$ cat final-v8.txt   # compact mmCIF, C-alpha atoms
# COMPACT_ATOMS: atom_id res chain seq x y z
CA MET A 1 87.77 183.97 -114.66
CA SER A 2 88.89 184.26 -111.05
CA HIS A 3 92.48 183.64 -110.00
CA GLU A 4 91.35 180.71 -107.84
CA VAL A 5 89.77 178.98 -110.84
CA SER A 6 92.93 179.55 -112.90
CA ILE A 7 94.89 177.52 -110.35
CA LEU A 8 92.55 174.59 -110.81
CA ASP A 9 92.84 174.87 -114.58
CA ARG A 10 96.60 174.36 -114.34
CA THR A 11 96.39 170.74 -113.21
CA ALA A 12 98.82 168.53 -115.02
CA ALA A 13 98.98 164.75 -114.66
CA ALA A 14 100.39 165.05 -111.13
CA LEU A 15 100.76 168.54 -109.65
CA PRO A 16 99.60 171.93 -110.92
CA ARG A 17 102.17 174.45 -112.10
CA LEU A 18 102.39 177.39 -109.75
CA ARG A 19 103.58 180.97 -109.84
CA ILE A 20 105.93 181.16 -106.86
CA CYS A 21 107.63 184.29 -105.55
CA VAL A 22 110.66 183.49 -103.39
CA VAL A 23 111.77 186.31 -101.07
CA THR A 24 115.26 186.04 -99.61
CA GLU A 25 118.06 188.21 -98.27
CA THR A 26 120.77 185.72 -99.30
CA TYR A 27 121.36 184.05 -102.64
CA PRO A 28 124.38 182.84 -104.66
CA PRO A 29 127.04 183.87 -105.43
CA GLU A 30 126.94 184.30 -101.65
CA VAL A 31 128.20 181.09 -100.06
CA ASN A 32 126.24 179.76 -97.09
CA GLY A 33 123.93 176.85 -96.44
CA VAL A 34 120.73 178.85 -96.89
CA ALA A 35 121.78 180.42 -100.19
CA LEU A 36 123.07 177.20 -101.75
CA THR A 37 120.08 175.13 -100.62
CA LEU A 38 117.70 177.78 -101.93
CA GLU A 39 119.41 177.93 -105.32
CA ARG A 40 119.01 174.17 -105.72
CA CYS A 41 115.33 174.34 -104.77
CA VAL A 42 114.59 177.27 -107.09
CA GLU A 43 116.26 175.55 -110.03
CA ALA A 44 114.39 172.32 -109.28
CA MET A 45 111.00 174.04 -109.10
CA ARG A 46 111.69 175.74 -112.43
CA ASP A 47 112.72 172.41 -113.95
CA ARG A 48 109.38 171.01 -112.78
CA GLY A 49 107.46 173.66 -114.68
CA HIS A 50 106.77 176.22 -111.94
CA HIS A 51 107.33 179.90 -112.70
CA VAL A 52 109.62 181.13 -109.93
CA VAL A 53 110.60 184.76 -109.38
CA VAL A 54 113.29 185.50 -106.79
CA VAL A 55 113.17 188.76 -104.82
CA ARG A 56 116.52 189.63 -103.28
CA PRO A 57 118.72 192.63 -102.36
CA SER A 58 121.22 193.87 -104.92
CA GLN A 59 124.67 192.27 -104.84
CA LEU A 60 127.88 194.02 -105.84
CA GLY A 61 128.83 193.06 -109.39
CA VAL A 62 125.81 190.78 -109.87
CA GLU A 63 123.10 191.71 -112.35
CA GLY A 64 119.56 190.51 -111.87
CA SER A 65 117.91 188.20 -114.38
CA GLU A 66 114.45 188.46 -115.93
CA ASP A 67 113.15 186.14 -113.19
CA GLU A 68 114.49 188.31 -110.35
CA LEU A 69 113.22 191.43 -108.64
CA ILE A 70 116.12 193.38 -107.13
CA THR A 71 115.56 195.49 -104.01
CA SER A 72 117.71 197.73 -101.85
CA GLY A 73 119.84 196.45 -99.01
CA LEU A 74 122.45 197.43 -96.44
CA PRO A 75 125.74 195.62 -95.73
CA ILE A 76 125.70 193.49 -92.60
CA PRO A 77 128.51 194.59 -90.21
CA GLY A 78 131.21 191.95 -89.95
CA TYR A 79 129.90 190.00 -92.94
CA PRO A 80 131.46 191.41 -96.12
CA GLY A 81 129.37 190.69 -99.20
CA LEU A 82 126.16 189.97 -97.27
CA LYS A 83 123.26 192.39 -97.15
CA MET A 84 120.13 192.89 -95.11
CA GLY A 85 117.16 193.67 -97.34
CA LEU A 86 115.38 196.94 -96.67
CA PRO A 87 111.57 197.26 -96.49
CA ALA A 88 110.05 197.13 -99.97
CA LYS A 89 106.27 197.06 -99.59
CA SER A 90 105.50 199.42 -102.48
CA LYS A 91 107.80 197.60 -104.88
CA LEU A 92 106.39 194.20 -103.95
CA ARG A 93 102.79 195.34 -104.20
CA GLN A 94 103.37 196.89 -107.61
CA HIS A 95 105.08 193.74 -108.88
CA TRP A 96 102.41 191.40 -107.53
CA GLN A 97 99.61 193.50 -108.98
CA SER A 98 101.08 192.94 -112.45
CA TRP A 99 102.28 189.38 -111.81
CA ARG A 100 100.22 187.86 -109.02
CA PRO A 101 101.89 184.80 -107.51
CA ASP A 102 99.94 181.80 -106.30
CA LEU A 103 102.30 181.60 -103.34
CA VAL A 104 104.94 183.71 -101.61
CA HIS A 105 107.81 181.68 -100.15
CA VAL A 106 109.66 183.76 -97.55
CA ILE A 107 113.15 182.44 -96.78
CA THR A 108 114.51 185.05 -94.35
CA GLU A 109 112.78 187.01 -91.60
CA GLY A 110 114.48 190.39 -92.04
CA PRO A 111 112.87 193.67 -93.13
CA LEU A 112 112.44 192.42 -96.71
CA GLY A 113 110.78 189.22 -95.52
CA TRP A 114 108.51 191.21 -93.19
CA SER A 115 107.46 193.42 -96.11
CA ALA A 116 106.66 190.36 -98.21
CA LEU A 117 104.62 188.79 -95.42
CA SER A 118 102.64 191.98 -94.82
CA VAL A 119 101.89 192.68 -98.50
CA ALA A 120 100.95 189.06 -99.16
CA GLU A 121 98.52 189.16 -96.22
CA SER A 122 96.87 192.32 -97.53
CA MET A 123 96.53 190.80 -101.02
CA HIS A 124 95.30 187.43 -99.69
CA ILE A 125 98.25 185.52 -101.16
CA PRO A 126 99.25 182.45 -99.13
CA VAL A 127 102.70 182.47 -97.52
CA VAL A 128 105.05 179.60 -96.76
CA ALA A 129 108.02 180.55 -94.58
CA ASP A 130 111.27 178.71 -93.92
CA PHE A 131 112.94 178.50 -90.52
CA HIS A 132 116.57 178.43 -91.67
CA THR A 133 118.63 180.29 -89.08
CA ASN A 134 118.66 180.41 -85.29
CA PHE A 135 119.30 184.15 -85.15
CA HIS A 136 118.14 184.27 -81.55
CA SER A 137 120.98 181.95 -80.49
CA TYR A 138 123.68 184.20 -81.97
CA GLY A 139 123.43 186.62 -79.05
CA ARG A 140 125.71 184.67 -76.73
CA HIS A 141 128.50 184.99 -79.31
CA TYR A 142 128.11 188.72 -80.03
CA GLY A 143 127.41 190.16 -76.61
CA TRP A 144 123.67 190.72 -76.90
CA GLY A 145 122.35 187.56 -75.31
CA TRP A 146 119.94 189.70 -73.30
CA PHE A 147 118.14 190.49 -76.58
CA SER A 148 117.75 186.86 -77.66
CA GLN A 149 114.29 186.38 -76.21
CA VAL A 150 113.00 189.46 -77.99
CA ILE A 151 114.30 188.09 -81.29
CA TYR A 152 112.77 184.69 -80.61
CA SER A 153 109.40 186.29 -79.86
CA TYR A 154 109.64 188.18 -83.14
CA LEU A 155 110.44 184.96 -85.04
CA ARG A 156 107.46 183.21 -83.45
CA TYR A 157 105.12 186.06 -84.37
CA PHE A 158 106.54 186.18 -87.90
CA HIS A 159 106.15 182.46 -88.58
CA ASN A 160 102.73 182.18 -86.97
CA ARG A 161 101.43 184.69 -89.54
CA ALA A 162 102.37 182.32 -92.36
CA GLN A 163 100.07 179.57 -93.59
CA LEU A 164 102.93 177.06 -93.19
CA THR A 165 106.51 177.03 -91.90
CA LEU A 166 108.99 174.49 -93.23
CA VAL A 167 111.63 173.17 -90.83
CA PRO A 168 114.51 170.79 -91.67
CA THR A 169 114.37 168.30 -88.78
CA ARG A 170 111.87 166.57 -86.53
CA GLY A 171 113.78 167.73 -83.47
CA MET A 172 113.41 171.35 -84.49
CA ARG A 173 109.71 170.88 -85.19
CA GLU A 174 109.12 169.44 -81.73
CA ARG A 175 111.11 172.22 -80.07
CA LEU A 176 109.33 175.01 -81.95
CA ILE A 177 105.89 173.51 -81.26
CA ALA A 178 106.74 173.44 -77.56
CA ASP A 179 107.64 177.14 -77.83
CA GLY A 180 104.34 178.13 -79.43
CA PHE A 181 105.11 177.98 -83.15
CA LYS A 182 102.20 176.77 -85.27
CA ARG A 183 101.61 175.00 -88.60
CA LEU A 184 105.03 173.40 -88.99
CA GLU A 185 106.01 170.75 -91.50
CA VAL A 186 109.31 168.91 -91.88
CA VAL A 187 111.00 169.11 -95.25
CA ALA A 188 114.47 167.68 -94.83
CA ARG A 189 117.71 168.47 -96.64
CA GLY A 190 119.51 166.26 -99.09
CA VAL A 191 123.12 165.79 -100.16
CA ASP A 192 124.63 165.38 -103.61
CA THR A 193 126.19 161.93 -103.24
CA VAL A 194 127.71 162.09 -106.71
CA LEU A 195 129.59 165.31 -105.99
CA PHE A 196 130.45 164.50 -102.38
CA HIS A 197 132.04 161.06 -102.48
CA PRO A 198 135.20 159.33 -101.16
CA LYS A 199 136.37 158.74 -104.76
CA ARG A 200 137.42 162.40 -104.86
CA ARG A 201 140.20 161.77 -102.35
CA ASP A 202 143.42 163.08 -103.92
CA ALA A 203 146.88 162.02 -102.67
CA GLU A 204 148.61 164.84 -104.56
CA PHE A 205 146.19 167.30 -103.03
CA ARG A 206 147.12 166.02 -99.58
CA LEU A 207 150.81 166.44 -100.39
CA LYS A 208 150.15 170.16 -100.84
CA TRP A 209 148.95 170.14 -97.24
CA GLY A 210 152.19 168.49 -96.20
CA LEU A 211 150.57 165.12 -95.49
CA GLY A 212 151.66 161.61 -96.34
CA PRO A 213 149.28 158.66 -96.87
CA ASP A 214 149.08 157.83 -93.15
CA ASP A 215 148.96 161.38 -91.79
CA LEU A 216 145.71 162.89 -90.54
CA ALA A 217 143.92 165.85 -92.11
CA VAL A 218 141.38 167.41 -89.76
CA LEU A 219 138.79 169.54 -91.54
CA TYR A 220 136.36 172.32 -90.68
CA VAL A 221 134.02 173.76 -93.33
CA GLY A 222 131.87 176.78 -92.62
CA ARG A 223 131.94 180.47 -91.82
CA LEU A 224 134.85 181.63 -89.72
CA ALA A 225 132.69 183.52 -87.29
CA ALA A 226 131.90 183.59 -83.59
CA GLU A 227 128.53 181.82 -83.87
CA LYS A 228 130.27 178.70 -85.24
CA ASN A 229 131.95 178.00 -81.87
CA LEU A 230 135.43 177.85 -83.43
CA PRO A 231 137.37 177.79 -80.13
CA VAL A 232 136.21 174.19 -79.70
CA VAL A 233 137.76 173.29 -83.07
CA LEU A 234 141.06 174.72 -81.86
CA LEU A 235 140.91 172.91 -78.53
CA ALA A 236 140.03 169.60 -80.16
CA PHE A 237 142.82 169.94 -82.71
CA ASP A 238 145.35 170.77 -80.00
CA ALA A 239 144.32 167.52 -78.29
CA ILE A 240 144.67 165.63 -81.58
CA GLN A 241 148.18 167.00 -82.15
CA LYS A 242 149.30 165.74 -78.77
CA ILE A 243 148.60 162.24 -80.08
CA GLU A 244 149.50 162.80 -83.76
CA PRO A 245 151.92 165.74 -84.03
CA ARG A 246 151.95 165.54 -87.86
CA ALA A 247 148.20 166.14 -88.12
CA LYS A 248 147.10 169.24 -90.02
CA LEU A 249 144.02 171.42 -89.54
CA VAL A 250 142.38 172.67 -92.74
CA LEU A 251 139.81 175.47 -92.47
CA VAL A 252 137.55 175.93 -95.50
CA GLY A 253 135.51 179.12 -95.48
CA ASP A 254 135.80 182.81 -94.75
CA GLY A 255 134.42 185.29 -92.25
CA PRO A 256 135.21 187.96 -89.67
CA ALA A 257 137.34 185.63 -87.50
CA ARG A 258 139.73 184.64 -90.29
CA ALA A 259 142.24 187.49 -89.96
CA THR A 260 142.73 186.92 -86.25
CA LEU A 261 143.03 183.16 -86.66
CA GLU A 262 145.62 183.50 -89.43
CA THR A 263 147.69 185.73 -87.16
CA GLU A 264 147.39 183.50 -84.11
CA LYS A 265 147.60 180.13 -85.90
CA PRO A 266 150.02 180.48 -88.85
CA ASN A 267 150.49 176.70 -89.07
CA TYR A 268 146.84 176.08 -89.89
CA ILE A 269 145.80 175.76 -93.53
CA PHE A 270 143.31 178.46 -94.53
CA ALA A 271 141.74 177.32 -97.79
CA GLY A 272 139.19 180.13 -98.14
CA ILE A 273 135.85 179.64 -99.88
CA ARG A 274 135.66 176.57 -102.11
CA ARG A 275 132.88 175.47 -104.43
CA GLY A 276 131.80 172.48 -106.49
CA GLU A 277 134.34 169.77 -107.26
CA ASP A 278 137.09 171.77 -105.58
CA LEU A 279 135.11 171.76 -102.32
CA ALA A 280 134.33 168.07 -102.74
CA THR A 281 138.05 167.30 -103.13
CA HIS A 282 138.82 169.19 -99.92
CA TYR A 283 136.26 167.11 -98.07
CA ALA A 284 137.31 163.72 -99.44
CA SER A 285 141.03 164.40 -98.96
CA ALA A 286 140.55 164.88 -95.22
CA ASP A 287 140.03 162.24 -92.51
CA ILE A 288 138.24 163.79 -89.54
CA PHE A 289 135.57 166.50 -89.62
CA LEU A 290 135.00 168.71 -86.60
CA PHE A 291 131.72 170.61 -86.44
CA PRO A 292 131.06 172.18 -83.02
CA SER A 293 128.51 174.82 -84.05
CA LEU A 294 125.67 175.28 -81.57
CA THR A 295 123.50 177.55 -83.74
CA GLU A 296 122.50 175.38 -86.70
CA THR A 297 118.99 174.70 -87.89
CA PHE A 298 120.43 171.86 -89.94
CA GLY A 299 124.08 172.05 -90.97
CA ASN A 300 124.46 170.96 -94.60
CA VAL A 301 128.19 170.48 -94.14
CA THR A 302 127.54 167.55 -91.81
CA LEU A 303 125.97 165.52 -94.62
CA GLU A 304 128.57 166.66 -97.13
CA ALA A 305 131.36 165.45 -94.83
CA MET A 306 129.61 162.14 -94.18
CA ALA A 307 128.97 161.50 -97.87
CA SER A 308 132.65 162.25 -98.52
CA GLY A 309 133.69 159.52 -96.10
CA LEU A 310 134.91 161.56 -93.14
CA ALA A 311 134.72 160.64 -89.48
CA VAL A 312 132.46 163.36 -88.08
CA VAL A 313 132.39 164.72 -84.54
CA ALA A 314 129.30 166.85 -83.87
CA TYR A 315 126.90 167.80 -81.13
CA ASP A 316 123.75 165.70 -80.86
CA TYR A 317 121.24 167.99 -82.55
CA ALA A 318 120.26 169.28 -86.02
CA ALA A 319 121.55 167.20 -88.97
CA ALA A 320 123.88 165.16 -86.79
CA ALA A 321 121.04 164.00 -84.53
CA GLU A 322 118.91 163.09 -87.55
CA HIS A 323 121.54 161.20 -89.54
CA ILE A 324 124.41 160.01 -87.33
CA THR A 325 124.26 156.79 -85.35
CA ASP A 326 126.85 157.20 -82.62
CA ARG A 327 130.04 155.17 -83.19
CA GLU A 328 128.57 153.69 -86.39
CA SER A 329 128.40 156.63 -88.79
CA GLY A 330 130.01 159.35 -86.69
CA LEU A 331 130.50 160.45 -83.10
CA LEU A 332 127.73 162.33 -81.31
CA VAL A 333 128.38 164.22 -78.09
CA PRO A 334 125.97 165.97 -75.70
CA TYR A 335 124.98 169.48 -76.75
CA ASP A 336 127.53 172.13 -75.68
CA ASP A 337 129.74 169.62 -73.82
CA THR A 338 133.18 170.85 -74.86
CA GLN A 339 135.11 168.20 -72.97
CA ALA A 340 133.07 165.39 -74.54
CA PHE A 341 133.70 166.89 -77.98
CA ILE A 342 137.46 166.94 -77.40
CA GLN A 343 137.44 163.37 -76.07
CA ALA A 344 135.49 162.18 -79.11
CA ALA A 345 138.05 163.76 -81.44
CA GLN A 346 140.85 162.07 -79.52
CA ALA A 347 139.05 158.71 -79.70
CA LEU A 348 139.04 158.87 -83.50
CA VAL A 349 142.79 159.40 -83.50
CA GLN A 350 143.53 156.69 -80.95
CA SER A 351 141.42 153.99 -82.62
CA VAL A 352 142.00 153.40 -86.32
CA SER A 353 139.29 150.73 -86.34
CA LEU A 354 136.72 153.16 -84.90
CA ARG A 355 137.71 155.81 -87.38
CA ASN A 356 137.46 153.46 -90.34
CA ARG A 357 134.13 152.04 -89.13
CA VAL A 358 132.41 155.41 -88.82
CA ARG A 359 133.84 156.61 -92.13
CA SER A 360 132.37 153.62 -93.95
CA GLY A 361 129.10 153.91 -92.03
CA ALA A 362 128.81 157.61 -92.88
CA VAL A 363 128.97 156.94 -96.61
CA LEU A 364 126.37 154.16 -96.39
CA SER A 365 124.00 156.28 -94.32
CA CYS A 366 124.04 159.06 -96.96
CA GLU A 367 123.22 156.84 -99.93
CA PRO A 368 119.41 157.25 -99.56
CA LEU A 369 119.62 161.00 -98.85
CA GLY A 370 119.53 162.33 -102.40
CA TRP A 371 117.70 165.57 -103.18
CA GLU A 372 114.89 164.19 -105.31
CA GLN A 373 112.66 163.03 -102.43
CA VAL A 374 113.33 166.25 -100.54
CA LEU A 375 112.28 168.31 -103.54
CA ASP A 376 109.16 166.16 -103.98
CA ASP A 377 108.20 166.90 -100.38
CA MET A 378 108.79 170.62 -100.78
CA GLU A 379 106.77 170.80 -103.99
CA ARG A 380 103.82 168.96 -102.45
CA ALA A 381 103.93 171.21 -99.37
CA LEU A 382 103.75 174.32 -101.54
CA VAL A 383 100.92 172.97 -103.69
CA LYS A 384 99.01 171.78 -100.64
CA THR A 385 99.24 175.26 -99.10
CA VAL A 386 97.85 176.94 -102.22
CA HIS A 387 94.93 174.52 -102.39
CA ALA A 388 94.18 174.81 -98.69
CA GLU A 389 93.87 178.55 -99.16
CA THR A 390 91.67 178.30 -102.25
CA GLN A 391 89.61 175.53 -100.61
CA ALA A 392 90.22 173.32 -103.62
CA ILE A 393 90.96 169.63 -103.33
CA LEU A 394 92.97 167.60 -105.79
CA PRO A 395 92.39 163.89 -105.11
CA ALA A 396 95.56 162.99 -106.98
CA ILE A 397 97.77 164.97 -104.61
CA ALA A 398 99.09 162.83 -101.79
CA THR A 399 99.77 164.33 -98.39
CA PRO A 400 103.52 164.93 -97.93
CA ARG A 401 105.16 162.05 -96.14
CA SER A 402 105.81 162.41 -92.45
CA LEU A 403 109.50 162.73 -91.72

$ encode --input "final-v8.txt" --output "structure tokens"
Amino acid sequence: MSHEVSILDRTAAALPRLRICVVTETYPPEVNGVALTLERCVEAMRDRGHHVVVVRPSQLGVEGSEDELITSGLPIPGYPGLKMGLPAKSKLRQHWQSWRPDLVHVITEGPLGWSALSVAESMHIPVVADFHTNFHSYGRHYGWGWFSQVIYSYLRYFHNRAQLTLVPTRGMRERLIADGFKRLEVVARGVDTVLFHPKRRDAEFRLKWGLGPDDLAVLYVGRLAAEKNLPVVLLAFDAIQKIEPRAKLVLVGDGPARATLETEKPNYIFAGIRRGEDLATHYASADIFLFPSLTETFGNVTLEAMASGLAVVAYDYAAAAEHITDRESGLLVPYDDTQAFIQAAQALVQSVSLRNRVRSGAVLSCEPLGWEQVLDDMERALVKTVHAETQAILPAIATPRSL
């Protein structure tokens, strides 16, 4: 029996069970938005009956499981603990000849992802790719802006070889289409509204930060790295302290900029990497969330802060543009307008009523953003891609909803 027929035979009441090979250069215990989102999606697809194998570079002190294929990698300069996967065509081909996936889902566009795309093409296995990271926009922060267009051209070529590319927002889809990217579909991101919730606010926790009930905790969550535009956080907090001298800045995360910041700003609170309920308590125990990154494809932390009941200041793009209504569930400012960002932060300090209104509105706006619908959309997109390639039609499968 052919492989294509076997796919049709695996039709359950709703969707067929697939063999999915996920290829990524980042995965937990690494802490970043891509890795954590991917882990949730992999676990959900397995819970739904799909057989998912994860291909990833080796990680120090982490052993691979029976559902993982470990490849070689090299450390990424300036990012301790993160690796770039090396080419692995022979290893992938050998694995897929013994366990042929119905679909290859490529998460990252590095050498490992390129190998997966090339081998899948040669074996006629459909590929879905994710556009997770604006690598081309990092150049301005690391001194190689001149190379950004070359990287962007590579990303376009990479994704246009895939049968489908998943993007997290409508704005990104429109922008990529205008730049020549093809076959794009929006699959949004969700937020765990049980974990991230205002009920986790902890007065004793705030006391450890040196804050009383009426004092302001200003929070940043994310990598402490140049591409996150951290100088704007510092400028905005300086402006906040001129109005509320007792305010504290809490930085959750780690990265190459941390050592310098700790030396230059000893009065800031450096909380390091936090996970799970501990992270949720950090969010909910703060008041204002500053997120000035200009390089996000989405920005999971925006939704986590909103669900936790924080007043968010963010640039008008990515997750903020999709989910914040200005002055109702957060404050949006024009992209890369530093002065507007600082003024928005000051406005939240000067007006208690504005701050309380957007905090309440943020929580309400996140209530319908649970992960289940997002995972439904992703599953249907993967199944649809397999059946488009095998020219099989399942009448029971609905087209993924337009986002």

$ atom_distance --input "final-v8.txt" --atom1 "CA of Asn356 in chain A" --atom2 "CA of Gly272 in chain A"
27.8 Å

$ atom_distance --input "final-v8.txt" --atom1 "CA of Ser329 in chain A" --atom2 "CA of Val313 in chain A"
10.0 Å

$ closest_residue --input "final-v8.txt" --among "A:Val386, A:Ile324, A:Val52, A:Ala178" --to "Arg359 in chain A" --atoms "all atoms listed in the file"
A:Ile324

$ closest_residue --input "final-v8.txt" --among "A:Lys228, A:Lys91, A:Arg183, A:Arg48" --to "Arg156 in chain A" --atoms "only C-alpha atoms"
A:Arg183

$ closest_atom_pairs --input "final-v8.txt" --of "range 259-346 of chain A" --to "range 363-367 of chain A" --cutoff "10 Å" --atoms "all atoms listed in the file" --output "CSV"
residue,atom,partner,partner_atom,distance
A:Leu303,CA,A:Cys366,CA,7.1
A:Glu304,CA,A:Cys366,CA,8.8
A:Ala305,CA,A:Val363,CA,9.0
A:Met306,CA,A:Val363,CA,5.8
A:Ala307,CA,A:Val363,CA,4.7
A:Ser308,CA,A:Val363,CA,6.7
A:Gly309,CA,A:Val363,CA,5.4
A:Leu310,CA,A:Val363,CA,8.3
A:Ala311,CA,A:Val363,CA,9.9
A:His323,CA,A:Ser365,CA,7.3
A:Ile324,CA,A:Ser365,CA,7.9
A:Thr325,CA,A:Ser365,CA,9.0
A:Glu328,CA,A:Ser365,CA,9.5
A:Ser329,CA,A:Ser365,CA,7.1

$ closest_residue --input "final-v8.txt" --among "A:Val194, A:Ile107, A:Val374, A:Leu348" --to "Met45 in chain A" --atoms "all atoms listed in the file"
A:Val374

$ residues_around --input "final-v8.txt" --residues "range 197-209 of chain A" --least-positions-apart "4" --cutoff "12 Å" --atoms "all atoms listed in the file" --output "PyMOL selection string"
chain A and resi 191-193+213-219+246-251+267-271+276-287+303-311+359-360+362-364+366-367

$ write_last_selection --input "final-v8.txt" --atoms "C-alpha atoms" --output "compact mmCIF listing (two decimals), in the coordinates of the input"
# COMPACT_ATOMS: atom_id res chain seq x y z
CA VAL A 191 123.12 165.79 -100.16
CA ASP A 192 124.63 165.38 -103.61
CA THR A 193 126.19 161.93 -103.24
CA PRO A 213 149.28 158.66 -96.87
CA ASP A 214 149.08 157.83 -93.15
CA ASP A 215 148.96 161.38 -91.79
CA LEU A 216 145.71 162.89 -90.54
CA ALA A 217 143.92 165.85 -92.11
CA VAL A 218 141.38 167.41 -89.76
CA LEU A 219 138.79 169.54 -91.54
CA ARG A 246 151.95 165.54 -87.86
CA ALA A 247 148.20 166.14 -88.12
CA LYS A 248 147.10 169.24 -90.02
CA LEU A 249 144.02 171.42 -89.54
CA VAL A 250 142.38 172.67 -92.74
CA LEU A 251 139.81 175.47 -92.47
CA ASN A 267 150.49 176.70 -89.07
CA TYR A 268 146.84 176.08 -89.89
CA ILE A 269 145.80 175.76 -93.53
CA PHE A 270 143.31 178.46 -94.53
CA ALA A 271 141.74 177.32 -97.79
CA GLY A 276 131.80 172.48 -106.49
CA GLU A 277 134.34 169.77 -107.26
CA ASP A 278 137.09 171.77 -105.58
CA LEU A 279 135.11 171.76 -102.32
CA ALA A 280 134.33 168.07 -102.74
CA THR A 281 138.05 167.30 -103.13
CA HIS A 282 138.82 169.19 -99.92
CA TYR A 283 136.26 167.11 -98.07
CA ALA A 284 137.31 163.72 -99.44
CA SER A 285 141.03 164.40 -98.96
CA ALA A 286 140.55 164.88 -95.22
CA ASP A 287 140.03 162.24 -92.51
CA LEU A 303 125.97 165.52 -94.62
CA GLU A 304 128.57 166.66 -97.13
CA ALA A 305 131.36 165.45 -94.83
CA MET A 306 129.61 162.14 -94.18
CA ALA A 307 128.97 161.50 -97.87
CA SER A 308 132.65 162.25 -98.52
CA GLY A 309 133.69 159.52 -96.10
CA LEU A 310 134.91 161.56 -93.14
CA ALA A 311 134.72 160.64 -89.48
CA ARG A 359 133.84 156.61 -92.13
CA SER A 360 132.37 153.62 -93.95
CA ALA A 362 128.81 157.61 -92.88
CA VAL A 363 128.97 156.94 -96.61
CA LEU A 364 126.37 154.16 -96.39
CA CYS A 366 124.04 159.06 -96.96
CA GLU A 367 123.22 156.84 -99.93

$ closest_residue --input "final-v8.txt" --among "A:Asp67, A:Asp130, A:Glu174, A:Glu185" --to "Asp377 in chain A" --atoms "only C-alpha atoms"
A:Glu185

$ closest_residue --input "final-v8.txt" --among "A:Ala388, A:Leu184, A:Ala314, A:Leu155" --to "Ile125 in chain A" --atoms "only C-alpha atoms"
A:Ala388

$ decode --input "final-v8.txt" --residues "range 209-238 of chain A" --atoms "C-alpha atoms" --output "JSON list (two decimals), in the first residue's frame"
[["chain", "number", "residue", "atom", "x", "y", "z"],
["A", 209, "TRP", "CA", 11.16, 44.60, 46.08],
["A", 210, "GLY", "CA", 10.92, 47.37, 48.66],
["A", 211, "LEU", "CA", 7.42, 48.43, 47.61],
["A", 212, "GLY", "CA", 4.38, 49.33, 49.65],
["A", 213, "PRO", "CA", 0.76, 48.88, 48.49],
["A", 214, "ASP", "CA", 0.67, 52.22, 46.66],
["A", 215, "ASP", "CA", 4.17, 52.15, 45.18],
["A", 216, "LEU", "CA", 4.73, 51.37, 41.51],
["A", 217, "ALA", "CA", 6.55, 48.31, 40.17],
["A", 218, "VAL", "CA", 7.61, 48.74, 36.55],
["A", 219, "LEU", "CA", 8.35, 45.45, 34.79],
["A", 220, "TYR", "CA", 10.27, 44.25, 31.76],
["A", 221, "VAL", "CA", 10.29, 40.56, 30.79],
["A", 222, "GLY", "CA", 12.49, 39.26, 28.01],
["A", 223, "ARG", "CA", 16.07, 38.75, 26.93],
["A", 224, "LEU", "CA", 18.53, 41.34, 28.14],
["A", 225, "ALA", "CA", 20.04, 41.88, 24.73],
["A", 226, "ALA", "CA", 20.58, 44.67, 22.23],
["A", 227, "GLU", "CA", 17.77, 43.64, 19.87],
["A", 228, "LYS", "CA", 15.19, 44.23, 22.64],
["A", 229, "ASN", "CA", 15.79, 48.01, 22.56],
["A", 230, "LEU", "CA", 16.50, 48.17, 26.29],
["A", 231, "PRO", "CA", 17.75, 51.79, 26.33],
["A", 232, "VAL", "CA", 14.13, 52.88, 25.86],
["A", 233, "VAL", "CA", 13.15, 50.96, 29.02],
["A", 234, "LEU", "CA", 15.80, 52.87, 30.93],
["A", 235, "LEU", "CA", 14.76, 56.23, 29.52],
["A", 236, "ALA", "CA", 11.09, 55.59, 30.25],
["A", 237, "PHE", "CA", 11.83, 54.47, 33.79],
["A", 238, "ASP", "CA", 13.97, 57.53, 34.45]]
